[in-house]
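Undergrad: Please find my_file_23.txt (compact mmCIF, N, CA, C and O atoms) on the next line:
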```txt
# COMPACT_ATOMS: atom_id res chain seq x y z
N MET A 1216 5.76 7.05 12.76
CA MET A 1216 5.34 6.59 11.45
C MET A 1216 4.64 5.23 11.64
O MET A 1216 5.25 4.29 12.14
N PRO A 1217 3.39 5.10 11.23
CA PRO A 1217 2.65 3.86 11.43
C PRO A 1217 2.88 2.80 10.35
O PRO A 1217 2.11 1.87 10.22
N TYR A 1218 3.94 2.95 9.56
CA TYR A 1218 4.22 1.95 8.54
C TYR A 1218 5.71 1.85 8.31
O TYR A 1218 6.48 2.74 8.69
N ARG A 1219 6.10 0.76 7.69
CA ARG A 1219 7.49 0.55 7.34
C ARG A 1219 7.51 -0.10 5.96
O ARG A 1219 6.75 -1.04 5.70
N LEU A 1220 8.37 0.39 5.08
CA LEU A 1220 8.55 -0.21 3.76
C LEU A 1220 9.85 -0.99 3.77
O LEU A 1220 10.88 -0.48 4.21
N ARG A 1221 9.81 -2.22 3.29
CA ARG A 1221 11.03 -3.01 3.16
C ARG A 1221 11.12 -3.47 1.70
O ARG A 1221 10.29 -4.22 1.21
N TRP A 1222 12.15 -2.97 1.05
CA TRP A 1222 12.36 -3.32 -0.36
C TRP A 1222 13.07 -4.66 -0.42
O TRP A 1222 14.06 -4.89 0.27
N GLU A 1223 12.54 -5.54 -1.25
CA GLU A 1223 13.11 -6.87 -1.43
C GLU A 1223 13.56 -7.00 -2.87
O GLU A 1223 13.38 -6.06 -3.65
N GLY A 1224 14.10 -8.11 -3.25
CA GLY A 1224 14.65 -8.29 -4.59
C GLY A 1224 13.78 -7.79 -5.72
O GLY A 1224 14.19 -6.97 -6.52
N HIS A 1225 12.53 -8.23 -5.78
CA HIS A 1225 11.65 -7.86 -6.89
C HIS A 1225 10.35 -7.23 -6.41
O HIS A 1225 9.36 -7.20 -7.14
N GLY A 1226 10.35 -6.74 -5.17
CA GLY A 1226 9.11 -6.18 -4.67
C GLY A 1226 9.30 -5.40 -3.39
O GLY A 1226 10.41 -5.11 -2.97
N VAL A 1227 8.16 -5.07 -2.79
CA VAL A 1227 8.17 -4.29 -1.56
C VAL A 1227 7.17 -4.91 -0.58
O VAL A 1227 6.11 -5.38 -0.98
N TYR A 1228 7.58 -4.91 0.69
CA TYR A 1228 6.75 -5.40 1.78
C TYR A 1228 6.37 -4.18 2.62
O TYR A 1228 7.25 -3.50 3.15
N ARG A 1229 5.08 -3.87 2.69
CA ARG A 1229 4.59 -2.72 3.47
C ARG A 1229 3.94 -3.26 4.73
O ARG A 1229 3.01 -4.06 4.66
N ARG A 1230 4.42 -2.81 5.89
CA ARG A 1230 3.87 -3.26 7.16
C ARG A 1230 3.30 -2.05 7.90
O ARG A 1230 3.98 -1.05 8.07
N PHE A 1231 2.04 -2.17 8.31
CA PHE A 1231 1.35 -1.08 8.98
C PHE A 1231 1.16 -1.41 10.46
O PHE A 1231 0.91 -2.57 10.81
N PHE A 1232 1.25 -0.38 11.31
CA PHE A 1232 1.15 -0.53 12.76
C PHE A 1232 0.11 0.43 13.33
O PHE A 1232 -0.01 1.57 12.87
N GLY A 1233 -0.60 0.00 14.36
CA GLY A 1233 -1.51 0.88 15.09
C GLY A 1233 -2.65 1.40 14.23
O GLY A 1233 -3.05 0.79 13.24
N VAL A 1234 -3.16 2.55 14.62
CA VAL A 1234 -4.26 3.19 13.89
C VAL A 1234 -3.66 4.04 12.77
O VAL A 1234 -2.83 4.89 13.01
N ILE A 1235 -4.11 3.78 11.56
CA ILE A 1235 -3.54 4.42 10.37
C ILE A 1235 -4.56 5.41 9.81
O ILE A 1235 -5.68 5.03 9.49
N SER A 1236 -4.15 6.66 9.69
CA SER A 1236 -5.04 7.66 9.11
C SER A 1236 -4.98 7.55 7.58
O SER A 1236 -4.05 6.97 7.02
N ALA A 1237 -5.95 8.12 6.93
CA ALA A 1237 -5.98 8.13 5.47
C ALA A 1237 -4.76 8.87 4.92
O ALA A 1237 -4.15 8.44 3.94
N ALA A 1238 -4.34 9.95 5.59
CA ALA A 1238 -3.17 10.71 5.15
C ALA A 1238 -1.90 9.88 5.28
O ALA A 1238 -1.02 9.92 4.41
N GLU A 1239 -1.78 9.12 6.36
CA GLU A 1239 -0.60 8.26 6.55
C GLU A 1239 -0.58 7.14 5.52
O GLU A 1239 0.48 6.78 5.00
N PHE A 1240 -1.73 6.59 5.22
CA PHE A 1240 -1.83 5.54 4.22
C PHE A 1240 -1.40 6.07 2.86
O PHE A 1240 -0.62 5.44 2.14
N LEU A 1241 -1.88 7.25 2.51
CA LEU A 1241 -1.49 7.89 1.25
C LEU A 1241 0.01 8.20 1.26
O LEU A 1241 0.68 8.03 0.24
N GLY A 1242 0.54 8.62 2.40
CA GLY A 1242 1.98 8.89 2.52
C GLY A 1242 2.81 7.65 2.24
O GLY A 1242 3.85 7.72 1.56
N ALA A 1243 2.38 6.49 2.76
CA ALA A 1243 3.09 5.24 2.50
C ALA A 1243 3.07 4.92 1.01
O ALA A 1243 4.09 4.50 0.44
N TYR A 1244 1.94 5.12 0.39
CA TYR A 1244 1.80 4.87 -1.05
C TYR A 1244 2.71 5.81 -1.85
O TYR A 1244 3.45 5.37 -2.74
N GLU A 1245 2.69 7.10 -1.51
CA GLU A 1245 3.50 8.08 -2.24
C GLU A 1245 5.00 7.81 -2.05
O GLU A 1245 5.77 7.96 -2.99
N GLU A 1246 5.40 7.43 -0.83
CA GLU A 1246 6.80 7.09 -0.59
C GLU A 1246 7.22 5.89 -1.45
O GLU A 1246 8.30 5.87 -2.02
N MET A 1247 6.34 4.91 -1.53
CA MET A 1247 6.64 3.71 -2.30
C MET A 1247 6.81 4.03 -3.79
O MET A 1247 7.79 3.62 -4.41
N ILE A 1248 5.86 4.76 -4.37
CA ILE A 1248 5.93 5.01 -5.82
C ILE A 1248 7.02 6.02 -6.19
O ILE A 1248 7.44 6.07 -7.34
N ALA A 1249 7.49 6.81 -5.22
CA ALA A 1249 8.55 7.78 -5.50
C ALA A 1249 9.93 7.12 -5.52
O ALA A 1249 10.88 7.69 -6.06
N ASP A 1250 10.05 5.95 -4.96
CA ASP A 1250 11.33 5.25 -4.90
C ASP A 1250 11.70 4.75 -6.30
O ASP A 1250 10.85 4.23 -7.02
N LEU A 1251 12.96 4.88 -6.67
CA LEU A 1251 13.42 4.44 -7.99
C LEU A 1251 13.21 2.95 -8.21
O LEU A 1251 13.03 2.51 -9.34
N ARG A 1252 13.21 2.16 -7.15
CA ARG A 1252 13.03 0.71 -7.28
C ARG A 1252 11.61 0.34 -7.67
O ARG A 1252 11.36 -0.78 -8.14
N TYR A 1253 10.67 1.25 -7.49
CA TYR A 1253 9.27 0.95 -7.79
C TYR A 1253 9.06 0.56 -9.25
O TYR A 1253 8.24 -0.30 -9.56
N GLU A 1254 9.80 1.15 -10.15
CA GLU A 1254 9.64 0.88 -11.59
C GLU A 1254 9.80 -0.59 -11.94
O GLU A 1254 9.16 -1.07 -12.87
N GLY A 1255 10.65 -1.32 -11.21
CA GLY A 1255 10.93 -2.69 -11.57
C GLY A 1255 10.30 -3.75 -10.67
O GLY A 1255 10.65 -4.92 -10.78
N ILE A 1256 9.38 -3.35 -9.79
CA ILE A 1256 8.85 -4.35 -8.86
C ILE A 1256 7.88 -5.30 -9.54
O ILE A 1256 7.25 -4.97 -10.54
N ARG A 1257 7.77 -6.48 -8.95
CA ARG A 1257 6.85 -7.50 -9.46
C ARG A 1257 5.74 -7.79 -8.45
O ARG A 1257 4.77 -8.43 -8.78
N TYR A 1258 5.93 -7.36 -7.18
CA TYR A 1258 4.89 -7.60 -6.18
C TYR A 1258 4.90 -6.54 -5.09
O TYR A 1258 5.92 -5.88 -4.85
N ILE A 1259 3.74 -6.40 -4.45
CA ILE A 1259 3.57 -5.53 -3.28
C ILE A 1259 2.80 -6.36 -2.25
O ILE A 1259 1.71 -6.84 -2.53
N ILE A 1260 3.39 -6.55 -1.08
CA ILE A 1260 2.72 -7.23 0.01
C ILE A 1260 2.40 -6.18 1.07
O ILE A 1260 3.30 -5.49 1.55
N SER A 1261 1.13 -6.05 1.42
CA SER A 1261 0.69 -5.10 2.44
C SER A 1261 0.22 -5.89 3.66
O SER A 1261 -0.74 -6.65 3.58
N ASP A 1262 0.91 -5.71 4.78
CA ASP A 1262 0.64 -6.45 6.02
C ASP A 1262 -0.09 -5.53 6.99
O ASP A 1262 0.47 -4.54 7.46
N TYR A 1263 -1.35 -5.88 7.30
CA TYR A 1263 -2.17 -5.09 8.23
C TYR A 1263 -2.45 -5.85 9.53
O TYR A 1263 -3.37 -5.50 10.25
N LEU A 1264 -1.67 -6.89 9.83
CA LEU A 1264 -1.94 -7.68 11.02
C LEU A 1264 -1.83 -6.87 12.31
O LEU A 1264 -2.51 -7.16 13.29
N GLU A 1265 -0.97 -5.85 12.32
CA GLU A 1265 -0.81 -5.01 13.51
C GLU A 1265 -1.35 -3.60 13.30
O GLU A 1265 -1.05 -2.70 14.07
N GLY A 1266 -2.14 -3.40 12.26
CA GLY A 1266 -2.69 -2.08 11.96
C GLY A 1266 -4.18 -2.13 11.76
O GLY A 1266 -4.77 -3.19 11.51
N GLN A 1267 -4.79 -0.97 11.88
CA GLN A 1267 -6.23 -0.87 11.64
C GLN A 1267 -6.53 0.51 11.08
O GLN A 1267 -5.83 1.47 11.37
N PRO A 1268 -7.58 0.62 10.27
CA PRO A 1268 -7.91 1.92 9.67
C PRO A 1268 -8.42 2.91 10.72
O PRO A 1268 -9.15 2.53 11.63
N GLY A 1269 -8.00 4.15 10.57
CA GLY A 1269 -8.45 5.20 11.46
C GLY A 1269 -9.87 5.65 11.12
O GLY A 1269 -10.43 5.25 10.10
N PRO A 1270 -10.43 6.50 11.96
CA PRO A 1270 -11.81 6.95 11.75
C PRO A 1270 -12.01 7.81 10.50
O PRO A 1270 -13.13 7.96 10.03
N ASP A 1271 -10.91 8.35 9.94
CA ASP A 1271 -11.06 9.20 8.74
C ASP A 1271 -11.06 8.39 7.44
O ASP A 1271 -11.11 8.96 6.36
N PHE A 1272 -11.00 7.08 7.53
CA PHE A 1272 -11.08 6.24 6.34
C PHE A 1272 -12.54 6.11 5.94
O PHE A 1272 -13.24 5.20 6.34
N SER A 1273 -12.98 7.01 5.11
CA SER A 1273 -14.36 6.99 4.63
C SER A 1273 -14.42 6.22 3.32
O SER A 1273 -13.40 5.94 2.68
N GLU A 1274 -15.62 5.90 2.89
CA GLU A 1274 -15.79 5.23 1.60
C GLU A 1274 -15.29 6.13 0.48
O GLU A 1274 -14.69 5.67 -0.48
N GLN A 1275 -15.50 7.43 0.62
CA GLN A 1275 -15.04 8.39 -0.39
C GLN A 1275 -13.51 8.39 -0.48
O GLN A 1275 -12.94 8.40 -1.57
N ALA A 1276 -12.83 8.37 0.68
CA ALA A 1276 -11.36 8.34 0.68
C ALA A 1276 -10.85 7.07 0.04
O ALA A 1276 -9.87 7.09 -0.72
N LEU A 1277 -11.49 5.94 0.31
CA LEU A 1277 -11.07 4.67 -0.28
C LEU A 1277 -11.28 4.65 -1.79
O LEU A 1277 -10.46 4.13 -2.53
N LYS A 1278 -12.38 5.22 -2.25
CA LYS A 1278 -12.63 5.28 -3.70
C LYS A 1278 -11.59 6.15 -4.40
O LYS A 1278 -11.12 5.81 -5.48
N ALA A 1279 -11.22 7.28 -3.77
CA ALA A 1279 -10.20 8.16 -4.35
C ALA A 1279 -8.86 7.43 -4.42
O ALA A 1279 -8.14 7.53 -5.43
N PHE A 1280 -8.53 6.70 -3.37
CA PHE A 1280 -7.27 5.96 -3.37
C PHE A 1280 -7.30 4.84 -4.42
O PHE A 1280 -6.32 4.60 -5.11
N ALA A 1281 -8.42 4.15 -4.55
CA ALA A 1281 -8.56 3.08 -5.55
C ALA A 1281 -8.35 3.64 -6.95
O ALA A 1281 -7.73 2.98 -7.80
N GLU A 1282 -8.83 4.84 -7.20
CA GLU A 1282 -8.64 5.46 -8.51
C GLU A 1282 -7.15 5.74 -8.76
O GLU A 1282 -6.65 5.52 -9.86
N LEU A 1283 -6.44 6.20 -7.73
CA LEU A 1283 -4.99 6.41 -7.86
C LEU A 1283 -4.30 5.10 -8.21
O LEU A 1283 -3.44 5.06 -9.09
N GLU A 1284 -4.65 4.04 -7.51
CA GLU A 1284 -4.03 2.74 -7.76
C GLU A 1284 -4.35 2.25 -9.17
O GLU A 1284 -3.49 1.67 -9.82
N ARG A 1285 -5.56 2.46 -9.64
CA ARG A 1285 -5.93 2.05 -10.98
C ARG A 1285 -5.07 2.76 -12.02
O ARG A 1285 -4.63 2.15 -12.99
N LEU A 1286 -4.82 4.03 -11.82
CA LEU A 1286 -3.98 4.78 -12.75
C LEU A 1286 -2.55 4.24 -12.75
O LEU A 1286 -1.92 4.13 -13.80
N ARG A 1287 -2.02 3.91 -11.58
CA ARG A 1287 -0.66 3.36 -11.48
C ARG A 1287 -0.59 1.96 -12.06
O ARG A 1287 0.45 1.53 -12.53
N TYR A 1288 -1.70 1.23 -12.01
CA TYR A 1288 -1.71 -0.14 -12.53
C TYR A 1288 -1.30 -0.17 -13.99
O TYR A 1288 -0.58 -1.07 -14.43
N TYR A 1289 -1.71 0.81 -14.76
CA TYR A 1289 -1.38 0.82 -16.18
C TYR A 1289 0.12 1.03 -16.41
O TYR A 1289 0.64 0.67 -17.44
N ASP A 1290 0.82 1.60 -15.42
CA ASP A 1290 2.28 1.73 -15.51
C ASP A 1290 2.96 0.38 -15.31
O ASP A 1290 4.05 0.15 -15.81
N SER A 1291 2.33 -0.49 -14.54
CA SER A 1291 2.96 -1.76 -14.20
C SER A 1291 1.89 -2.85 -14.05
O SER A 1291 1.61 -3.31 -12.94
N PRO A 1292 1.27 -3.30 -15.14
CA PRO A 1292 0.17 -4.26 -15.05
C PRO A 1292 0.57 -5.65 -14.58
O PRO A 1292 -0.28 -6.44 -14.21
N ASP A 1293 1.86 -5.97 -14.58
CA ASP A 1293 2.31 -7.29 -14.17
C ASP A 1293 2.63 -7.37 -12.67
O ASP A 1293 3.08 -8.41 -12.21
N THR A 1294 2.43 -6.30 -11.94
CA THR A 1294 2.71 -6.29 -10.51
C THR A 1294 1.57 -6.96 -9.75
O THR A 1294 0.41 -6.60 -9.91
N VAL A 1295 1.91 -7.93 -8.92
CA VAL A 1295 0.94 -8.65 -8.11
C VAL A 1295 0.86 -7.97 -6.74
O VAL A 1295 1.89 -7.61 -6.16
N GLN A 1296 -0.36 -7.79 -6.25
CA GLN A 1296 -0.55 -7.19 -4.93
C GLN A 1296 -1.24 -8.19 -4.03
O GLN A 1296 -2.20 -8.85 -4.43
N ALA A 1297 -0.73 -8.31 -2.79
CA ALA A 1297 -1.31 -9.20 -1.80
C ALA A 1297 -1.51 -8.43 -0.50
O ALA A 1297 -0.71 -7.55 -0.17
N MET A 1298 -2.56 -8.79 0.22
CA MET A 1298 -2.87 -8.15 1.49
C MET A 1298 -2.96 -9.22 2.56
O MET A 1298 -3.59 -10.26 2.34
N VAL A 1299 -2.34 -8.95 3.71
CA VAL A 1299 -2.40 -9.85 4.84
C VAL A 1299 -3.16 -9.14 5.96
O VAL A 1299 -2.72 -8.11 6.45
N ALA A 1300 -4.32 -9.68 6.31
CA ALA A 1300 -5.15 -9.07 7.36
C ALA A 1300 -6.13 -10.12 7.89
O ALA A 1300 -6.51 -11.02 7.16
N THR A 1301 -6.51 -9.96 9.14
CA THR A 1301 -7.52 -10.87 9.73
C THR A 1301 -8.78 -10.11 10.11
O THR A 1301 -9.84 -10.72 10.23
N ASP A 1302 -8.70 -8.81 10.26
CA ASP A 1302 -9.83 -7.99 10.65
C ASP A 1302 -10.71 -7.70 9.45
O ASP A 1302 -10.25 -7.10 8.46
N PRO A 1303 -11.98 -8.09 9.45
CA PRO A 1303 -12.86 -7.84 8.29
C PRO A 1303 -12.99 -6.36 7.95
O PRO A 1303 -13.14 -6.01 6.77
N ILE A 1304 -12.92 -5.49 8.92
CA ILE A 1304 -13.01 -4.06 8.65
C ILE A 1304 -11.80 -3.60 7.85
O ILE A 1304 -11.93 -2.80 6.92
N THR A 1305 -10.63 -4.11 8.17
CA THR A 1305 -9.42 -3.75 7.44
C THR A 1305 -9.48 -4.25 6.01
O THR A 1305 -9.12 -3.55 5.08
N VAL A 1306 -9.97 -5.47 5.84
CA VAL A 1306 -10.08 -6.05 4.50
C VAL A 1306 -11.06 -5.22 3.69
O VAL A 1306 -10.85 -4.87 2.57
```
Now, as a test, write the supplied structure out as structure tokens.
TA:
Amino acid sequence: MPYRLRWEGHGVYRRFFGVISAAEFLGAYEEMIADLRYEGIRYIISDYLEGQPGPDFSEQALKAFAELERLRYYDSPDTVQAMVATDPITV
């Protein structure tokens, strides 16, 4: 598994490792939103310092994922999201 979710008091810390496929990225997202704690979170921190996008991360895949996130945003508009990355391609 190229990611790990760590639930904290009011949020979740997602850490990604190695080369991450679009399917694995979506799996991390689906695992996070399926957890009962997701309803009450105030923040999501995504750490990509040890991860990089796989070759199947196309612009189309990213747009589809962004649309999913936009839909979930309306469920929890007060949730703050932060990304930690140094690689411009990952950002």
Undergrad: With only C-alpha atoms as the basis for distance, which of A:Leu1283, A:Ile1248, A:Leu1264, A:Leu1241 is at the shortest distance from A:Val1306?
TA: A:Leu1264
Undergrad: Given all atoms listed in the file as the basis, pick out the residue of A:Asp1262, A:Glu1246, A:Glu1274, A:Glu1284 nearest to A:Ala1300.
TA: A:Asp1262
Undergrad: For atom C of A:Lys1278 and atom O of A:Ala1237, quote the distance in Å rounded to one decimal.
TA: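 Between atom C of A:Lys1278 and atom O of A:Ala1237 the gap is 11.4 Å.
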Undergrad: List as a PyMOL selection string the protein and nucleic acid residues near A:Gln1267, meaning an atom at most 4.5 Å away when all atoms listed in the file are counted, but skip any in the same chain fewer than 3 places from it.
TA: chain A and resi 1233-1235
Undergrad: Enumerate the residues of stretch 1229-1292 of chain A with a DSSP assignment of strand (DSSP E), computed from the backbone, and present them as a list in words.
TA: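 Reading the DSSP output for stretch 1229-1292 of chain A, strand (DSSP E) covers Arg1229, Arg1230, Phe1231, Phe1232, Gly1233, Val1234, Ile1235, Tyr1258, Ile1259, Ile1260, Ser1261, Asp1262, Tyr1263, Leu1264, Glu1265, Gly1266, Gln1267 and Pro1268 of chain A.
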Undergrad: Nearest to A:Asp1250: which of A:Ala1297, A:Phe1280, A:Arg1221, A:Ile1304 is it, counting only C-alpha atoms?
TA: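 Nearest to A:Asp1250: A:Arg1221.
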